[in-house]
Amino acid sequence: MSYQLRVPGPTPVPERVRQAMDQPMINHRGPAFAALIGECRDGLKWAFQTQNEIVIFPSSGTGGLEAAVQNLTSPGQKALFVTIGAFGDRFAKLGQAYGADVVRLEYQWGHAADPAEIGQKLDENPDIKVVFVTHNETSTGVTNDLAPIVAAIKQRGRLVAVDGVSSVSSINVPTDELGLDVVISGSQKGWMLPPGCSFLSASPSALEFMATTTCPRFYFDVAKELDYELKGQTFTTPAVSILFGLRESLKILRDEGLEGVFDRHARIARGVRAAVTALELELFADPLFFSNTVTAVRAPHGDEDLNKKLIGTLRDKYQLELAGGQASLTGKIFRIGHLGDITENDAIEIIDRLEQGLIEVGYIDGKVGAVDALTSAMRNQPAATPA
Ligand SMILES: *Cc1c(COP(=O)(O)O)cnc(C)c1O
């Protein structure tokens, strides 16, 4: 039985990418590195659907969020943080840690943000310059509808910074079409890479604004990093091996095409949701905002012990690694990550094993046709991918 790592990051790394990373180290101040980072930045711009500048930091996704906060806030200055789950909370806590005057707009976990309320908050607080918002909330399996949210922000002339860590390269994030000022992603999610790099795109307006903000910054100084990267270098020693891998994973993404990648994620997610329902389990998220990269499922019978037992059984007996819940959802849900390197056949394996695990822990008496539900839902026409 093959190991199925299906947590919403880190995700499986394809053999091709692993081999591409298995190379002797190079000088990060030499021409080979300049070519490497040039190719990586061009590929990232393609995947982010932007002509904005992009910088690559050696960090996990949170480092990218920290960079956004450090470069876009000033101590004592108001900033709006829209939070619909654990990662939105983390964004807001970063704002607090660096002394911004944090205005929070919080939503019940499992729900999406309301664009009209964001507009209202901005009208009440004309001194808010930047809005920080999560696109795909990995802790709850909810994807915010970016287009109307961003429209509400842009109509009022404010900047928007988007946590796209678990969406960019898996779910459509048309950076330039929507006018997203800052977008952050991370290597270990849809990019099919090990943890180790964050990516941050910044619009010309964002870069201009960053020159006026006063939050202390050093390692994650976007302007300084960009100066280096435009010269084919990085400020500090980069995660060279991850960049070898990124060059290869970008080729894989280009071969499939962004449309193909988004459709595959949408198709598999639709199948997984249908299978979960067939398994008599309950989906956690608001159905209007289901995520195409992670599915959150309520604990069977709402029973925390049974939830734990199921995750353990799947891990130990079925080589299927799923995630539990985070923060207030600990024990209350389990999550299936279906992003990055995943095929329809992988989805069949995952659902088949989940069904067997549910029989094993006594939640269902026998097979209920979960794989059939999966495959027929995957065959149906994909719904249009929302931005
Ligand atoms: C994974 C993730 C992050 C970053 O987490 P790290 O562990 O720092 O990589 C941030 N936001 C979202 C939405 C994520 O899914």
# chains A, B, ... in the order shown; residues from 1 in each chain; ligands from 1
call {"tool": "residues_near_ligand", "arguments": {"ligand": "ligand 1", "cutoff": "10 Å", "atoms": "only C-alpha atoms and all ligand atoms", "output": "number ranges by chain"}}
result
A: 8-10, 59-66, 85-91, 133-143, 162-167, 184-190, 195-198, 293-294
call {"tool": "write_last_selection", "arguments": {"atoms": "C-alpha atoms", "output": "mmCIF file, in the first residue's frame"}}
result
data_model
loop_
_atom_site.group_PDB
_atom_site.id
_atom_site.type_symbol
_atom_site.label_atom_id
_atom_site.label_comp_id
_atom_site.auth_asym_id
_atom_site.auth_seq_id
_atom_site.Cartn_x
_atom_site.Cartn_y
_atom_site.Cartn_z
ATOM 1 C CA PRO A 8 -3.299 20.358 3.824
ATOM 2 C CA GLY A 9 0.468 20.869 3.791
ATOM 3 C CA PRO A 10 3.070 19.617 3.603
ATOM 4 C CA SER A 59 10.635 30.679 5.403
ATOM 5 C CA SER A 60 7.382 28.804 5.854
ATOM 6 C CA GLY A 61 4.150 30.527 4.826
ATOM 7 C CA THR A 62 3.899 32.415 8.107
ATOM 8 C CA GLY A 63 7.143 34.223 7.235
ATOM 9 C CA GLY A 64 5.376 35.554 4.150
ATOM 10 C CA LEU A 65 2.471 36.758 6.304
ATOM 11 C CA GLU A 66 4.964 38.380 8.679
ATOM 12 C CA GLY A 85 -10.467 30.888 11.016
ATOM 13 C CA ALA A 86 -7.099 29.991 12.520
ATOM 14 C CA PHE A 87 -4.960 31.486 9.743
ATOM 15 C CA GLY A 88 -6.920 34.740 9.702
ATOM 16 C CA ASP A 89 -6.378 34.886 13.472
ATOM 17 C CA ARG A 90 -2.665 34.348 12.944
ATOM 18 C CA PHE A 91 -2.573 37.275 10.497
ATOM 19 C CA VAL A 133 -7.648 38.833 4.346
ATOM 20 C CA THR A 134 -7.310 35.058 3.987
ATOM 21 C CA HIS A 135 -8.348 33.649 0.632
ATOM 22 C CA ASN A 136 -8.537 29.940 1.442
ATOM 23 C CA GLU A 137 -8.949 29.270 5.179
ATOM 24 C CA THR A 138 -7.217 25.929 5.612
ATOM 25 C CA SER A 139 -8.456 25.430 9.184
ATOM 26 C CA THR A 140 -12.131 25.354 8.173
ATOM 27 C CA GLY A 141 -12.158 24.388 4.483
ATOM 28 C CA VAL A 142 -13.695 27.702 3.430
ATOM 29 C CA THR A 143 -12.710 29.792 0.405
ATOM 30 C CA VAL A 162 -4.212 38.311 0.582
ATOM 31 C CA ASP A 163 -3.084 35.126 2.326
ATOM 32 C CA GLY A 164 -3.090 32.777 -0.664
ATOM 33 C CA VAL A 165 -0.811 30.230 0.981
ATOM 34 C CA SER A 166 -3.151 27.288 0.354
ATOM 35 C CA SER A 167 -4.803 28.571 -2.825
ATOM 36 C CA ILE A 184 1.473 35.459 -0.245
ATOM 37 C CA SER A 185 1.940 31.754 -0.863
ATOM 38 C CA GLY A 186 4.098 28.948 0.538
ATOM 39 C CA SER A 187 6.090 26.138 -1.054
ATOM 40 C CA GLN A 188 4.627 23.146 0.830
ATOM 41 C CA LYS A 189 1.031 23.598 -0.341
ATOM 42 C CA GLY A 190 -0.104 23.506 -3.985
ATOM 43 C CA PRO A 195 8.425 23.430 3.234
ATOM 44 C CA GLY A 196 11.047 26.164 3.069
ATOM 45 C CA CYS A 197 10.027 29.087 0.851
ATOM 46 C CA SER A 198 7.370 31.768 0.916
ATOM 47 C CA THR A 293 -7.949 22.299 -1.662
ATOM 48 C CA VAL A 294 -9.112 21.084 1.758
#
call {"tool": "residues_around", "arguments": {"residues": "region 299-304 of chain A", "least_positions_apart": "2", "cutoff": "9 Å", "atoms": "only C-alpha atoms", "output": "list in words"}}
result
Glu280, Leu281, Glu282, Val297, Leu306, Asn307, Lys308, Lys309, Leu310, Thr330, Gly331, Lys332, Ile333, Phe334, Leu358 and Tyr363 of chain A
call {"tool": "write_last_selection", "arguments": {"atoms": "C-alpha atoms", "output": "mmCIF file, in the first residue's frame"}}
result
data_model
loop_
_atom_site.group_PDB
_atom_site.id
_atom_site.type_symbol
_atom_site.label_atom_id
_atom_site.label_comp_id
_atom_site.auth_asym_id
_atom_site.auth_seq_id
_atom_site.Cartn_x
_atom_site.Cartn_y
_atom_site.Cartn_z
ATOM 1 C CA GLU A 280 -22.973 9.603 6.159
ATOM 2 C CA LEU A 281 -20.541 12.213 7.417
ATOM 3 C CA GLU A 282 -21.215 15.930 7.653
ATOM 4 C CA VAL A 297 -15.509 16.981 7.981
ATOM 5 C CA LEU A 306 -14.052 8.322 17.603
ATOM 6 C CA ASN A 307 -12.536 11.108 15.487
ATOM 7 C CA LYS A 308 -9.139 10.458 17.026
ATOM 8 C CA LYS A 309 -9.519 6.718 16.609
ATOM 9 C CA LEU A 310 -10.429 7.146 12.948
ATOM 10 C CA THR A 330 -9.376 20.398 17.839
ATOM 11 C CA GLY A 331 -11.201 17.051 18.080
ATOM 12 C CA LYS A 332 -14.285 18.505 16.373
ATOM 13 C CA ILE A 333 -13.338 17.847 12.739
ATOM 14 C CA PHE A 334 -10.893 16.028 10.522
ATOM 15 C CA LEU A 358 -14.976 4.017 9.031
ATOM 16 C CA TYR A 363 -19.175 4.014 12.203
#
call {"tool": "select_by_dssp", "arguments": {"residues": "region 82-239 of chain A", "states": "helix (DSSP H, G or I)", "output": "PyMOL selection string"}}
result
chain A and resi 86-97+115-124+146-155+175-178+204-210+222-230
call {"tool": "residues_around", "arguments": {"residues": "region 209-219 of chain A", "least_positions_apart": "4", "cutoff": "6 Å", "atoms": "only C-alpha atoms", "output": "VMD selection string"}}
result
chain A and resid 70 to 75
call {"tool": "write_last_selection", "arguments": {"atoms": "N, CA and C atoms", "output": "CSV table (one decimal), in the first residue's frame"}}
result
chain,number,residue,atom,x,y,z
A,70,GLN,N,4.9,43.4,8.4
A,70,GLN,CA,6.0,44.3,8.6
A,70,GLN,C,6.1,45.4,7.6
A,71,ASN,N,5.8,45.1,6.4
A,71,ASN,CA,6.0,46.1,5.3
A,71,ASN,C,4.8,46.9,5.0
A,72,LEU,N,3.6,46.5,5.5
A,72,LEU,CA,2.4,47.3,5.2
A,72,LEU,C,1.8,48.0,6.4
A,73,THR,N,2.4,47.8,7.5
A,73,THR,CA,1.8,48.5,8.7
A,73,THR,C,2.8,49.4,9.4
A,74,SER,N,2.3,50.3,10.2
A,74,SER,CA,3.1,51.2,11.1
A,74,SER,C,2.6,51.1,12.5
A,75,PRO,N,3.4,51.1,13.5
A,75,PRO,CA,2.9,51.0,14.9
A,75,PRO,C,1.9,52.1,15.1
call {"tool": "atom_distance", "arguments": {"atom1": "CA of Leu243 (chain A)", "atom2": "CA of Asp263 (chain A)"}}
result
26.1 Å
call {"tool": "atom_distance", "arguments": {"atom1": "CA of Arg158 (chain A)", "atom2": "CA of Thr50 (chain A)"}}
result
19.2 Å
call {"tool": "residues_around", "arguments": {"residues": "region 34-45 of chain A", "least_positions_apart": "5", "cutoff": "8 Å", "atoms": "only C-alpha atoms", "output": "ChimeraX atom specification"}}
result
/A:28-29,50-56,229,231-233,243-244,246-247,250
call {"tool": "closest_residue", "arguments": {"among": "A:Gln19, A:Gln326, A:Thr313, A:Ser2", "to": "Gly245 (chain A)", "atoms": "only C-alpha atoms"}}
result
A:Gln19
call {"tool": "closest_residue", "arguments": {"among": "A:Leu159, A:Leu105, A:Ala68, A:Val361", "to": "Ile84 (chain A)", "atoms": "only C-alpha atoms"}}
result
A:Leu105
call {"tool": "atom_distance", "arguments": {"atom1": "CA of Glu360 (chain A)", "atom2": "CA of Tyr318 (chain A)"}}
result
10.7 Å
call {"tool": "select_by_dssp", "arguments": {"residues": "region 154-338 of chain A", "states": "strand (DSSP E)", "output": "MDAnalysis selection string"}}
result
chainID A and resid 159:163 182:186 198:202 294:298 320:321 333:337
call {"tool": "closest_residue", "arguments": {"among": "A:Arg353, A:Arg273, A:Lys367, A:Arg267", "to": "Ser170 (chain A)", "atoms": "only C-alpha atoms"}}
result
A:Arg267
call {"tool": "residues_around", "arguments": {"residues": "region 76-83 of chain A", "least_positions_apart": "6", "cutoff": "9 Å", "atoms": "only C-alpha atoms", "output": "JSON, numbers by chain"}}
result
{"A": [89, 90, 91, 92, 95, 99, 100, 101, 102, 103, 104, 105, 106, 107, 108, 109, 112, 113, 118, 121, 122, 125, 127, 128, 129, 130, 131, 132, 133, 134, 137]}
call {"tool": "closest_residue", "arguments": {"among": "A:Arg6, A:His111, A:Arg156, A:Lys317", "to": "Pro287 (chain A)", "atoms": "only C-alpha atoms"}}
result
A:His111
call {"tool": "closest_residue", "arguments": {"among": "A:Val222, A:Ala285, A:Met25, A:Ala275", "to": "Asp352 (chain A)", "atoms": "only C-alpha atoms"}}
result
A:Ala275
call {"tool": "closest_residue", "arguments": {"among": "A:Ile348, A:Val261, A:Val240, A:Ile171", "to": "Phe290 (chain A)", "atoms": "only C-alpha atoms"}}
result
A:Ile171
call {"tool": "residues_around", "arguments": {"residues": "region 175-182 of chain A", "least_positions_apart": "2", "cutoff": "9 Å", "atoms": "only C-alpha atoms", "output": "list of chain:residue names"}}
result
A:Phe48, A:Gln49, A:Thr50, A:Gln51, A:Asn52, A:Ala68, A:Leu146, A:Ala147, A:Val150, A:Ala151, A:Lys154, A:Leu159, A:Val160, A:Ala161, A:Val162, A:Asp163, A:Val173, A:Ile184, A:Leu200, A:Ser201, A:Ala202, A:Ser203, A:Pro204, A:Ser205, A:Ala206, A:Leu207, A:Ala387
call {"tool": "write_last_selection", "arguments": {"atoms": "N, CA, C and O atoms", "output": "mmCIF file, in the first residue's frame"}}
result
data_model
loop_
_atom_site.group_PDB
_atom_site.id
_atom_site.type_symbol
_atom_site.label_atom_id
_atom_site.label_comp_id
_atom_site.auth_asym_id
_atom_site.auth_seq_id
_atom_site.Cartn_x
_atom_site.Cartn_y
_atom_site.Cartn_z
ATOM 1 N N PHE A 48 1.058 33.291 -10.410
ATOM 2 C CA PHE A 48 0.304 34.295 -9.652
ATOM 3 C C PHE A 48 -0.566 35.149 -10.588
ATOM 4 O O PHE A 48 -1.290 36.022 -10.122
ATOM 5 N N GLN A 49 -0.434 34.933 -11.904
ATOM 6 C CA GLN A 49 -1.175 35.704 -12.908
ATOM 7 C C GLN A 49 -0.959 37.200 -12.710
ATOM 8 O O GLN A 49 -1.913 37.977 -12.593
ATOM 9 N N THR A 50 0.331 37.577 -12.684
ATOM 10 C CA THR A 50 0.644 38.977 -12.396
ATOM 11 C C THR A 50 1.886 39.467 -13.122
ATOM 12 O O THR A 50 2.759 38.680 -13.486
ATOM 13 N N GLN A 51 1.910 40.782 -13.294
ATOM 14 C CA GLN A 51 3.140 41.424 -13.766
ATOM 15 C C GLN A 51 3.806 42.157 -12.607
ATOM 16 O O GLN A 51 4.822 42.830 -12.792
ATOM 17 N N ASN A 52 3.219 42.033 -11.424
ATOM 18 C CA ASN A 52 3.839 42.632 -10.243
ATOM 19 C C ASN A 52 5.159 41.940 -9.937
ATOM 20 O O ASN A 52 5.408 40.830 -10.395
ATOM 21 N N ALA A 68 4.308 40.602 5.028
ATOM 22 C CA ALA A 68 3.208 41.479 4.619
ATOM 23 C C ALA A 68 2.902 42.479 5.733
ATOM 24 O O ALA A 68 2.762 43.682 5.492
ATOM 25 N N LEU A 146 -13.131 36.161 -3.410
ATOM 26 C CA LEU A 146 -12.252 37.336 -3.429
ATOM 27 C C LEU A 146 -12.813 38.512 -4.229
ATOM 28 O O LEU A 146 -12.652 39.661 -3.811
ATOM 29 N N ALA A 147 -13.439 38.225 -5.382
ATOM 30 C CA ALA A 147 -13.821 39.334 -6.276
ATOM 31 C C ALA A 147 -14.659 40.412 -5.569
ATOM 32 O O ALA A 147 -14.271 41.581 -5.577
ATOM 33 N N VAL A 150 -12.613 42.167 -2.711
ATOM 34 C CA VAL A 150 -11.593 43.091 -3.207
ATOM 35 C C VAL A 150 -12.246 44.325 -3.818
ATOM 36 O O VAL A 150 -11.766 45.449 -3.650
ATOM 37 N N ALA A 151 -13.391 44.133 -4.489
ATOM 38 C CA ALA A 151 -14.099 45.287 -5.060
ATOM 39 C C ALA A 151 -14.480 46.273 -3.961
ATOM 40 O O ALA A 151 -14.294 47.485 -4.104
ATOM 41 N N LYS A 154 -11.258 48.064 -2.934
ATOM 42 C CA LYS A 154 -10.681 48.933 -3.975
ATOM 43 C C LYS A 154 -11.550 50.162 -4.248
ATOM 44 O O LYS A 154 -11.038 51.243 -4.511
ATOM 45 N N LEU A 159 -5.627 49.411 0.198
ATOM 46 C CA LEU A 159 -4.807 48.310 -0.306
ATOM 47 C C LEU A 159 -5.303 46.994 0.287
ATOM 48 O O LEU A 159 -5.868 46.972 1.382
ATOM 49 N N VAL A 160 -5.052 45.895 -0.449
ATOM 50 C CA VAL A 160 -5.467 44.593 0.058
ATOM 51 C C VAL A 160 -4.303 43.599 -0.010
ATOM 52 O O VAL A 160 -3.612 43.509 -1.021
ATOM 53 N N ALA A 161 -4.099 42.915 1.121
ATOM 54 C CA ALA A 161 -3.066 41.867 1.198
ATOM 55 C C ALA A 161 -3.768 40.534 1.427
ATOM 56 O O ALA A 161 -4.578 40.401 2.352
ATOM 57 N N VAL A 162 -3.479 39.579 0.576
ATOM 58 C CA VAL A 162 -4.212 38.311 0.582
ATOM 59 C C VAL A 162 -3.311 37.140 0.976
ATOM 60 O O VAL A 162 -2.254 36.930 0.370
ATOM 61 N N ASP A 163 -3.749 36.391 2.003
ATOM 62 C CA ASP A 163 -3.084 35.126 2.326
ATOM 63 C C ASP A 163 -3.594 34.083 1.329
ATOM 64 O O ASP A 163 -4.712 33.586 1.453
ATOM 65 N N VAL A 173 -6.478 32.499 -8.538
ATOM 66 C CA VAL A 173 -6.220 33.777 -7.872
ATOM 67 C C VAL A 173 -5.674 34.731 -8.942
ATOM 68 O O VAL A 173 -4.464 34.823 -9.135
ATOM 69 N N ILE A 184 0.446 36.312 -0.853
ATOM 70 C CA ILE A 184 1.473 35.459 -0.245
ATOM 71 C C ILE A 184 1.134 33.991 -0.493
ATOM 72 O O ILE A 184 -0.017 33.585 -0.386
ATOM 73 N N LEU A 200 5.999 36.208 -2.251
ATOM 74 C CA LEU A 200 5.171 37.396 -1.999
ATOM 75 C C LEU A 200 5.191 38.299 -3.224
ATOM 76 O O LEU A 200 6.260 38.696 -3.687
ATOM 77 N N SER A 201 3.997 38.586 -3.770
ATOM 78 C CA SER A 201 3.915 39.528 -4.887
ATOM 79 C C SER A 201 3.450 40.880 -4.350
ATOM 80 O O SER A 201 2.676 40.946 -3.393
ATOM 81 N N ALA A 202 3.960 41.946 -4.957
ATOM 82 C CA ALA A 202 3.612 43.295 -4.498
ATOM 83 C C ALA A 202 3.364 44.202 -5.700
ATOM 84 O O ALA A 202 4.196 44.282 -6.611
ATOM 85 N N SER A 203 2.210 44.879 -5.694
ATOM 86 C CA SER A 203 1.846 45.798 -6.787
ATOM 87 C C SER A 203 2.697 47.061 -6.673
ATOM 88 O O SER A 203 3.257 47.351 -5.604
ATOM 89 N N PRO A 204 2.761 47.863 -7.741
ATOM 90 C CA PRO A 204 3.477 49.139 -7.646
ATOM 91 C C PRO A 204 2.934 50.007 -6.505
ATOM 92 O O PRO A 204 3.717 50.630 -5.784
ATOM 93 N N SER A 205 1.598 50.038 -6.306
ATOM 94 C CA SER A 205 1.052 50.844 -5.192
ATOM 95 C C SER A 205 1.488 50.296 -3.854
ATOM 96 O O SER A 205 1.754 51.058 -2.916
ATOM 97 N N ALA A 206 1.556 48.970 -3.745
ATOM 98 C CA ALA A 206 1.996 48.371 -2.482
ATOM 99 C C ALA A 206 3.447 48.746 -2.218
ATOM 100 O O ALA A 206 3.808 49.118 -1.094
ATOM 101 N N LEU A 207 4.279 48.667 -3.238
ATOM 102 C CA LEU A 207 5.707 48.993 -3.058
ATOM 103 C C LEU A 207 5.886 50.459 -2.654
ATOM 104 O O LEU A 207 6.694 50.786 -1.777
ATOM 105 N N ALA A 387 -13.174 33.247 -8.324
ATOM 106 C CA ALA A 387 -11.884 33.866 -7.989
ATOM 107 C C ALA A 387 -11.794 34.031 -6.499
ATOM 108 O O ALA A 387 -12.783 34.236 -5.844
#
